[in-house]
$ cat target-v3.txt   # compact mmCIF, C-alpha atoms
# COMPACT_ATOMS: atom_id res chain seq x y z
CA MET W 146 26.41 35.27 39.92
CA ALA W 147 26.10 36.78 43.38
CA ARG W 148 26.32 40.54 43.41
CA TRP W 149 29.57 40.83 45.38
CA GLN W 150 31.38 38.74 42.76
CA GLY W 151 30.72 41.30 40.04
CA GLY W 152 31.91 43.97 42.41
CA ALA W 153 35.13 42.15 43.18
CA ARG W 154 35.99 41.72 39.53
CA GLU W 155 35.45 45.40 38.85
CA ARG W 156 37.45 46.46 41.88
CA LEU W 157 40.32 44.23 40.78
CA GLN W 158 40.21 45.62 37.25
CA ALA W 159 40.22 49.22 38.49
CA ALA W 160 43.03 48.48 40.94
CA ALA W 161 45.12 46.77 38.26
CA LEU W 162 44.79 49.69 35.84
CA GLU W 163 45.72 52.12 38.59
CA ARG W 164 48.86 50.15 39.49
CA PHE W 165 49.83 49.49 35.85
CA ALA W 166 49.51 53.18 35.06
CA GLU W 167 51.69 54.16 38.01
CA GLN W 168 54.28 51.39 38.04
CA GLY W 169 54.08 49.90 34.57
CA PHE W 170 52.74 46.46 33.76
CA ASP W 171 56.00 44.62 34.45
CA GLY W 172 56.53 46.48 37.72
CA THR W 173 53.20 45.42 39.21
CA THR W 174 52.50 42.20 41.10
CA VAL W 175 49.21 40.40 41.62
CA ALA W 176 49.72 40.91 45.37
CA GLU W 177 49.79 44.69 44.85
CA ILE W 178 46.68 44.61 42.69
CA ALA W 179 44.79 42.58 45.28
CA ALA W 180 45.96 44.85 48.11
CA THR W 181 44.92 47.97 46.21
CA ALA W 182 41.47 46.45 45.70
CA GLY W 183 41.30 45.46 49.38
CA LEU W 184 41.04 41.79 48.42
CA THR W 185 43.21 38.69 48.68
CA GLU W 186 45.41 37.17 45.99
CA ARG W 187 43.23 34.09 46.23
CA THR W 188 40.24 36.19 45.23
CA PHE W 189 42.23 37.65 42.32
CA PHE W 190 42.92 34.18 40.96
CA ARG W 191 39.24 33.32 41.18
CA TYR W 192 38.64 35.88 38.42
CA PHE W 193 41.88 36.01 36.43
CA THR W 194 44.56 33.46 35.60
CA ASP W 195 47.25 36.16 35.67
CA LYS W 196 47.67 39.93 35.58
CA ARG W 197 47.65 40.02 31.79
CA GLU W 198 44.19 38.49 31.72
CA VAL W 199 42.85 41.59 33.51
CA LEU W 200 43.52 43.41 30.24
CA PHE W 201 42.54 40.70 27.75
CA GLN W 202 39.63 38.91 29.38
CA GLY W 203 36.48 38.80 27.29
CA GLN W 204 38.41 38.38 24.03
CA ASP W 205 36.41 35.34 22.92
CA ASP W 206 33.15 37.18 23.52
CA PHE W 207 34.48 40.19 21.63
CA GLU W 208 35.45 38.09 18.61
CA ARG W 209 32.16 36.20 18.72
CA ARG W 210 30.24 39.42 18.13
CA PHE W 211 31.94 39.98 14.80
CA ILE W 212 31.61 36.37 13.70
CA SER W 213 27.94 36.08 14.66
CA ALA W 214 27.14 39.13 12.50
CA ILE W 215 28.86 37.46 9.55
CA ASP W 216 27.05 34.17 10.16
CA GLU W 217 23.70 35.99 10.27
CA ALA W 218 24.20 38.05 7.09
CA GLU W 219 21.67 37.44 4.34
CA ASP W 220 22.58 34.99 1.61
CA GLY W 221 24.21 36.79 -1.26
CA ALA W 222 25.06 39.91 0.77
CA ASP W 223 28.18 41.51 -0.63
CA PRO W 224 31.31 40.87 1.46
CA MET W 225 32.04 44.47 2.45
CA SER W 226 28.46 45.02 3.66
CA THR W 227 28.76 41.86 5.70
CA VAL W 228 32.02 43.09 7.17
CA GLY W 229 30.37 46.46 7.88
CA ALA W 230 27.64 44.68 9.85
CA ALA W 231 30.34 42.80 11.77
CA LEU W 232 32.14 46.05 12.65
CA ASN W 233 28.94 47.60 13.91
CA ARG W 234 28.14 44.54 16.01
CA GLY W 235 31.69 44.42 17.37
CA GLY W 236 31.63 48.17 17.97
CA SER W 237 28.56 47.84 20.16
CA PHE W 238 31.07 46.64 22.76
CA PHE W 239 32.35 50.22 23.04
CA GLN W 240 29.53 52.05 24.79
CA GLU W 241 30.16 55.45 26.33
CA GLU W 242 30.38 54.08 29.88
CA ARG W 243 33.29 51.91 28.78
CA ARG W 244 35.36 54.74 27.27
CA THR W 245 37.25 55.71 30.44
CA TRP W 246 38.27 52.11 31.09
CA SER W 247 39.25 51.56 27.44
CA ARG W 248 41.31 54.74 27.42
CA ALA W 249 43.22 53.75 30.56
CA ARG W 250 43.68 50.19 29.29
CA ASN W 251 44.98 51.48 25.97
CA ALA W 252 47.56 53.71 27.67
CA VAL W 253 48.87 50.73 29.66
CA ILE W 254 49.11 48.59 26.53
CA GLU W 255 50.85 51.27 24.48
CA ALA W 256 53.48 51.62 27.20
CA ASP W 257 54.52 47.95 27.11
CA PRO W 258 55.97 46.31 23.97
CA GLY W 259 54.84 42.81 24.96
CA LEU W 260 51.26 43.98 25.52
CA ARG W 261 51.30 45.92 22.25
CA GLU W 262 52.30 42.75 20.43
CA ARG W 263 49.53 40.83 22.17
CA GLU W 264 47.00 43.48 21.10
CA LEU W 265 48.25 43.49 17.50
CA LEU W 266 48.05 39.73 17.39
CA LYS W 267 44.52 39.79 18.81
CA LEU W 268 43.37 41.97 15.93
CA SER W 269 45.23 39.87 13.35
CA LEU W 270 43.55 36.74 14.67
CA LEU W 271 40.19 38.54 14.52
CA ALA W 272 40.81 39.26 10.83
CA VAL W 273 41.72 35.62 10.21
CA ALA W 274 38.54 34.45 11.97
CA MET W 275 36.39 36.90 10.00
CA ALA W 276 37.97 35.81 6.71
CA ASP W 277 37.31 32.17 7.60
CA ALA W 278 33.67 32.99 8.42
CA LEU W 279 33.29 34.76 5.06
CA ARG W 280 34.80 31.81 3.20
CA GLU W 281 32.39 29.45 4.95
CA ARG W 282 29.62 31.52 3.36
CA GLY W 283 31.11 30.93 -0.06
CA VAL W 284 33.07 34.16 -0.46
CA ASP W 285 36.18 33.77 -2.62
CA GLY W 286 39.35 33.31 -0.59
CA THR W 287 41.17 36.45 -1.69
CA VAL W 288 38.10 38.64 -1.41
CA ALA W 289 37.39 37.25 2.05
CA THR W 290 40.88 38.12 3.26
CA LEU W 291 40.86 41.61 1.73
CA ALA W 292 37.43 42.41 3.15
CA ALA W 293 38.21 41.07 6.63
CA GLU W 294 41.62 42.74 6.84
CA SER W 295 40.30 46.08 5.58
CA GLY W 296 37.47 45.85 8.09
CA VAL W 297 39.85 45.24 10.96
CA THR W 298 42.03 48.13 9.79
CA VAL W 299 39.03 50.45 9.90
CA PHE W 300 38.08 49.10 13.31
CA ARG W 301 41.58 49.59 14.70
CA VAL W 302 41.77 53.19 13.49
CA ALA W 303 38.27 54.01 14.75
CA PHE W 304 39.20 52.57 18.13
CA ALA W 305 42.41 54.64 18.32
CA LYS W 306 40.31 57.74 17.70
CA TRP W 307 37.68 56.73 20.25
CA VAL W 308 40.24 56.46 23.06
CA ALA W 309 42.15 59.60 22.04
CA GLU W 310 42.20 62.41 24.57
CA ASP W 311 39.24 64.82 24.28
CA GLU W 312 37.46 62.65 21.69
CA THR W 313 33.73 62.64 22.44
CA ARG W 314 32.12 61.22 19.28
CA PRO W 315 30.49 57.80 19.77
CA PHE W 316 32.15 54.74 18.29
CA PRO W 317 29.68 54.20 15.39
CA ASP W 318 30.32 57.76 14.14
CA LEU W 319 34.05 57.13 14.18
CA LEU W 320 33.59 53.89 12.23
CA THR W 321 31.63 55.76 9.56
CA ALA W 322 34.21 58.56 9.38
CA THR W 323 37.08 56.07 9.08
CA VAL W 324 35.38 54.13 6.30
CA ALA W 325 35.07 57.39 4.38
CA GLU W 326 38.75 58.14 4.96
CA LEU W 327 39.75 54.73 3.65
CA ARG W 328 37.64 55.25 0.52
CA ASP W 329 39.17 58.67 -0.11
CA LEU W 330 42.64 57.26 0.39
CA VAL W 331 42.37 54.13 -1.70
CA SER W 332 40.00 54.85 -4.57
CA PRO W 333 41.60 57.75 -6.47
CA VAL W 334 45.13 56.42 -6.39
CA LEU W 335 44.13 52.94 -7.35
CA THR W 336 41.96 54.00 -10.23
CA GLY W 337 44.51 56.60 -11.39
CA MET K 918 82.35 35.57 4.15
CA ALA K 919 84.12 32.42 3.03
CA ARG K 920 82.27 30.42 0.43
CA TRP K 921 81.66 27.30 2.55
CA GLN K 922 79.81 29.39 5.14
CA GLY K 923 77.11 30.37 2.67
CA GLY K 924 76.82 26.76 1.66
CA ALA K 925 76.41 25.61 5.26
CA ARG K 926 73.62 28.08 5.94
CA GLU K 927 71.71 26.98 2.86
CA ARG K 928 72.17 23.30 3.65
CA LEU K 929 70.88 23.90 7.16
CA GLN K 930 67.87 25.82 5.86
CA ALA K 931 67.01 23.12 3.34
CA ALA K 932 67.47 20.39 5.94
CA ALA K 933 65.27 22.24 8.44
CA LEU K 934 62.43 22.70 5.97
CA GLU K 935 62.64 19.04 4.99
CA ARG K 936 62.43 17.89 8.62
CA PHE K 937 59.71 20.42 9.55
CA ALA K 938 57.59 19.29 6.59
CA GLU K 939 57.95 15.64 7.54
CA GLN K 940 57.83 15.79 11.35
CA GLY K 941 56.26 19.15 12.10
CA PHE K 942 58.09 22.10 13.62
CA ASP K 943 57.59 20.97 17.23
CA GLY K 944 58.66 17.41 16.44
CA THR K 945 62.02 18.42 15.02
CA THR K 946 65.23 18.98 16.98
CA VAL K 947 68.27 21.02 16.07
CA ALA K 948 70.29 17.81 16.28
CA GLU K 949 68.14 16.26 13.55
CA ILE K 950 68.44 19.32 11.35
CA ALA K 951 72.21 19.32 11.68
CA ALA K 952 72.42 15.59 11.01
CA THR K 953 70.23 15.90 7.90
CA ALA K 954 72.54 18.64 6.64
CA GLY K 955 75.61 16.52 7.43
CA LEU K 956 76.83 19.20 9.88
CA THR K 957 77.24 19.53 13.64
CA GLU K 958 74.89 21.23 16.08
CA ARG K 959 77.70 23.63 16.83
CA THR K 960 77.73 24.71 13.21
CA PHE K 961 73.95 25.16 13.33
CA PHE K 962 74.27 27.56 16.26
CA ARG K 963 76.90 29.55 14.38
CA TYR K 964 74.15 30.59 11.95
CA PHE K 965 70.91 30.45 13.94
CA THR K 966 70.03 31.07 17.59
CA ASP K 967 67.30 28.42 17.47
CA LYS K 968 65.24 26.41 15.00
CA ARG K 969 62.62 29.13 14.69
CA GLU K 970 65.22 31.55 13.42
CA VAL K 971 65.73 29.33 10.37
CA LEU K 972 62.27 30.50 9.29
CA PHE K 973 62.39 34.12 10.46
CA GLN K 974 65.98 35.19 9.85
CA GLY K 975 66.34 38.26 7.66
CA GLN K 976 63.23 39.93 9.08
CA ASP K 977 65.03 43.21 9.85
CA ASP K 978 66.41 43.37 6.33
CA PHE K 979 62.95 42.61 4.93
CA GLU K 980 61.33 45.41 6.94
CA ARG K 981 64.15 47.82 6.09
CA ARG K 982 63.32 47.54 2.38
CA PHE K 983 59.82 48.88 2.93
CA ILE K 984 60.94 51.64 5.26
CA SER K 985 63.77 52.80 3.02
CA ALA K 986 61.33 53.23 0.12
CA ILE K 987 59.11 55.39 2.33
CA ASP K 988 62.07 57.45 3.52
CA GLU K 989 63.16 58.03 -0.08
CA ALA K 990 59.76 59.09 -1.44
CA GLU K 991 59.57 62.58 -2.90
CA ASP K 992 58.36 65.35 -0.65
CA GLY K 993 54.65 65.79 -1.03
CA ALA K 994 54.10 62.34 -2.58
CA ASP K 995 50.64 61.09 -1.70
CA PRO K 996 50.63 58.43 1.04
CA MET K 997 49.20 55.57 -1.02
CA SER K 998 51.78 56.09 -3.78
CA THR K 999 54.49 56.05 -1.15
CA VAL K 1000 53.09 52.82 0.26
CA GLY K 1001 52.92 51.41 -3.27
CA ALA K 1002 56.63 52.14 -3.72
CA ALA K 1003 57.31 50.41 -0.40
CA LEU K 1004 55.39 47.30 -1.48
CA ASN K 1005 57.31 47.12 -4.72
CA ARG K 1006 60.63 47.49 -2.91
CA GLY K 1007 59.62 44.90 -0.31
CA GLY K 1008 58.31 42.61 -3.03
CA SER K 1009 61.69 42.62 -4.74
CA PHE K 1010 62.62 40.15 -1.99
CA PHE K 1011 60.43 37.55 -3.73
CA GLN K 1012 62.33 36.68 -6.88
CA GLU K 1013 61.45 33.57 -8.84
CA GLU K 1014 64.39 31.59 -7.47
CA ARG K 1015 63.03 32.08 -3.97
CA ARG K 1016 59.52 30.80 -4.69
CA THR K 1017 60.17 27.13 -3.92
CA TRP K 1018 61.73 27.98 -0.58
CA SER K 1019 58.95 30.44 0.30
CA ARG K 1020 56.28 27.90 -0.61
CA ALA K 1021 57.83 25.23 1.59
CA ARG K 1022 58.37 27.72 4.43
CA ASN K 1023 54.76 28.88 4.16
CA ALA K 1024 53.43 25.31 4.41
CA VAL K 1025 55.46 24.75 7.59
CA ILE K 1026 54.18 27.98 9.13
CA GLU K 1027 50.55 27.32 8.23
CA ALA K 1028 50.78 23.93 9.95
CA ASP K 1029 51.87 25.35 13.32
CA PRO K 1030 49.66 27.76 15.33
CA GLY K 1031 52.63 29.32 17.15
CA LEU K 1032 54.46 30.01 13.89
CA ARG K 1033 51.28 31.41 12.30
CA GLU K 1034 50.97 33.86 15.20
CA ARG K 1035 54.62 34.86 14.79
CA GLU K 1036 54.06 35.48 11.06
CA LEU K 1037 50.88 37.51 11.70
CA LEU K 1038 52.69 39.58 14.29
CA LYS K 1039 55.61 40.16 11.92
CA LEU K 1040 53.26 41.71 9.37
CA SER K 1041 51.43 43.76 12.02
CA LEU K 1042 54.75 45.15 13.22
CA LEU K 1043 55.69 45.93 9.61
CA ALA K 1044 52.48 47.97 9.28
CA VAL K 1045 53.25 49.81 12.52
CA ALA K 1046 56.77 50.62 11.30
CA MET K 1047 55.48 51.82 7.93
CA ALA K 1048 52.85 54.03 9.58
CA ASP K 1049 55.55 55.50 11.85
CA ALA K 1050 57.75 56.21 8.81
CA LEU K 1051 54.85 57.95 7.06
CA ARG K 1052 54.11 60.06 10.13
CA GLU K 1053 57.75 61.10 10.30
CA ARG K 1054 57.26 62.50 6.80
CA GLY K 1055 54.35 64.59 8.05
CA VAL K 1056 51.47 62.34 7.01
CA ASP K 1057 48.44 62.66 9.28
CA GLY K 1058 48.25 59.93 11.93
CA THR K 1059 45.02 58.31 10.80
CA VAL K 1060 45.91 58.44 7.13
CA ALA K 1061 49.32 56.95 7.87
CA THR K 1062 47.79 54.01 9.70
CA LEU K 1063 45.13 53.39 7.06
CA ALA K 1064 47.64 53.56 4.23
CA ALA K 1065 50.21 51.33 5.94
CA GLU K 1066 47.66 48.74 7.07
CA SER K 1067 45.99 48.60 3.66
CA GLY K 1068 49.38 48.22 2.04
CA VAL K 1069 50.31 45.31 4.29
CA THR K 1070 46.93 43.70 3.60
CA VAL K 1071 47.60 43.87 -0.14
CA PHE K 1072 51.09 42.51 0.41
CA ARG K 1073 49.86 39.62 2.53
CA VAL K 1074 47.25 38.60 -0.04
CA ALA K 1075 49.67 38.91 -2.95
CA PHE K 1076 52.15 36.74 -1.06
CA ALA K 1077 49.51 34.07 -0.35
CA LYS K 1078 48.81 33.95 -4.09
CA TRP K 1079 52.50 33.84 -4.98
CA VAL K 1080 53.11 30.72 -2.87
CA ALA K 1081 49.87 29.01 -3.90
CA GLU K 1082 50.26 25.74 -5.77
CA ASP K 1083 50.59 26.12 -9.55
CA GLU K 1084 50.83 29.92 -9.36
CA THR K 1085 53.43 31.14 -11.87
CA ARG K 1086 52.84 34.91 -12.13
CA PRO K 1087 55.69 37.02 -10.73
CA PHE K 1088 55.16 38.85 -7.44
CA PRO K 1089 54.82 42.39 -8.92
CA ASP K 1090 51.94 41.22 -11.14
CA LEU K 1091 50.17 39.75 -8.13
CA LEU K 1092 50.61 43.01 -6.22
CA THR K 1093 49.00 44.92 -9.07
CA ALA K 1094 46.13 42.45 -9.35
CA THR K 1095 45.49 42.56 -5.60
CA VAL K 1096 45.44 46.35 -5.51
CA ALA K 1097 42.77 46.26 -8.22
CA GLU K 1098 40.75 43.75 -6.22
CA LEU K 1099 40.91 45.93 -3.12
CA ARG K 1100 39.70 48.93 -5.12
CA ASP K 1101 36.80 46.95 -6.59
CA LEU K 1102 35.86 45.68 -3.18
CA VAL K 1103 36.04 48.88 -1.19
CA SER K 1104 35.06 51.71 -3.51
CA PRO K 1105 31.51 50.89 -4.65
CA VAL K 1106 30.18 49.84 -1.27
CA LEU K 1107 31.74 52.75 0.55
CA THR K 1108 30.44 55.34 -1.88
CA GLY K 1109 27.01 53.67 -2.12
$ encode --input "target-v3.txt" --output "structure tokens"
Amino acid sequence: MARWQGGARERLQAAALERFAEQGFDGTTVAEIAATAGLTERTFFRYFTDKREVLFQGQDDFERRFISAIDEAEDGADPMSTVGAALNRGGSFFQEERRTWSRARNAVIEADPGLRERELLKLSLLAVAMADALRERGVDGTVATLAAESGVTVFRVAFAKWVAEDETRPFPDLLTATVAELRDLVSPVLTG
Amino acid sequence: MARWQGGARERLQAAALERFAEQGFDGTTVAEIAATAGLTERTFFRYFTDKREVLFQGQDDFERRFISAIDEAEDGADPMSTVGAALNRGGSFFQEERRTWSRARNAVIEADPGLRERELLKLSLLAVAMADALRERGVDGTVATLAAESGVTVFRVAFAKWVAEDETRPFPDLLTATVAELRDLVSPVLTG
């Protein structure tokens, strides 16, 4: 890709978040996003099919990280360890330099019911894909679903912490802390 | 409600499931459903806004069962016990006489990607509502989300078992068995 193309995409993303934050997602047009970025609508549509895609682009790549970690797990690895490896691989998406963008994106999504539903569904579909990948490795159907869903729950909570105001801990630390919280929550009651 | 109205709704539901199973959800019209039930389209629209609602009607009532159990939990009850009470209350929806209908409905939903997404989203929104209800009772935000999401995961897996072919155990037994499976899966790895 030529260098200016990368720059245009990033300018459009930054402009979209700025407009969404000020006017709401529904109240913002592609024309306004392009104008804010100092680009044309035609250029916008070279990078995104619509304004929602500014927020959800890269979803396939994101999901592929998790699945590839499951596919590469050693034979006979226990399901929760495999899921743990998938969370770490998926979490590598959330480097420090991405936190400001993720925080702004998250605020826009939380403010719009339709976007919230899209985000919830994205994570549900991730859990389904992870469970399918586990089953393909011979993991029992129920265990695969429980492991994948629990993993996505941990991931979702760790992400909510990561984008919280004033949070500075890196994503892997938050994953570890959340796993410990889930253990503390589930184990005593269930064995009691 | 007059008696014939209840009968009409049930005939329409049975007719819809029959047509969906044979022709797929997309390939079925409201006119066909009404004709199969021996009723008019006008009667159909007295009970349902569209054909999808035949499958998803009663969702608010379903969600309200879970939330009411959380609202009624004793002060100071631990979050996972509260969620357990909610699952039992919600599970009371799935009495034996409903199993055949639920099994047929589930097969229709699994066969259609759009309906599967709707069903996934329904459960995600249930988890969000349960977490909100826990937070309103003073449960910490992270704990509330983890407890609610884990609860919905258990519920989803127990339901998948309940509608599986040849499964005869009642829903509460499957909830208990699934909780035990989650404990076995999560605890050793997370403490190791």
$ interface_residues --input "target-v3.txt" --of "chain K" --to "chain W" --cutoff "9 Å" --atoms "all atoms listed in the file" --output "PyMOL selection string"
chain K and resi 995-998+1034-1035+1037-1038+1041-1042+1059-1060+1062-1064+1066-1067+1070-1071+1074-1075+1077-1078+1095-1104+1106-1108
$ atom_distance --input "target-v3.txt" --atom1 "CA of Phe983 (chain K)" --atom2 "CA of Gly1031 (chain K)"
25.2 Å
$ atom_distance --input "target-v3.txt" --atom1 "CA of Ala214 (chain W)" --atom2 "CA of Ala322 (chain W)"
20.9 Å
$ closest_residue --input "target-v3.txt" --among "W:Gln158, W:Asp318, W:Thr313, W:Leu232" --to "Trp246 (chain W)" --atoms "only C-alpha atoms"
W:Gln158
$ residues_around --input "target-v3.txt" --residues "region 949-957 of chain K" --least-positions-apart "2" --cutoff "10 Å" --atoms "only C-alpha atoms" --output "mmCIF file with C-alpha atoms, in the frame of the given file"
data_model
loop_
_atom_site.group_PDB
_atom_site.id
_atom_site.type_symbol
_atom_site.label_atom_id
_atom_site.label_comp_id
_atom_site.auth_asym_id
_atom_site.auth_seq_id
_atom_site.Cartn_x
_atom_site.Cartn_y
_atom_site.Cartn_z
ATOM 1 C CA ALA K 925 76.410 25.610 5.260
ATOM 2 C CA ARG K 926 73.620 28.080 5.940
ATOM 3 C CA GLU K 927 71.710 26.980 2.860
ATOM 4 C CA ARG K 928 72.170 23.300 3.650
ATOM 5 C CA LEU K 929 70.880 23.900 7.160
ATOM 6 C CA GLN K 930 67.870 25.820 5.860
ATOM 7 C CA ALA K 931 67.010 23.120 3.340
ATOM 8 C CA ALA K 932 67.470 20.390 5.940
ATOM 9 C CA ALA K 933 65.270 22.240 8.440
ATOM 10 C CA LEU K 934 62.430 22.700 5.970
ATOM 11 C CA GLU K 935 62.640 19.040 4.990
ATOM 12 C CA ARG K 936 62.430 17.890 8.620
ATOM 13 C CA PHE K 937 59.710 20.420 9.550
ATOM 14 C CA GLY K 944 58.660 17.410 16.440
ATOM 15 C CA THR K 945 62.020 18.420 15.020
ATOM 16 C CA THR K 946 65.230 18.980 16.980
ATOM 17 C CA VAL K 947 68.270 21.020 16.070
ATOM 18 C CA ARG K 959 77.700 23.630 16.830
ATOM 19 C CA THR K 960 77.730 24.710 13.210
ATOM 20 C CA PHE K 961 73.950 25.160 13.330
ATOM 21 C CA PHE K 962 74.270 27.560 16.260
ATOM 22 C CA LYS K 968 65.240 26.410 15.000
#
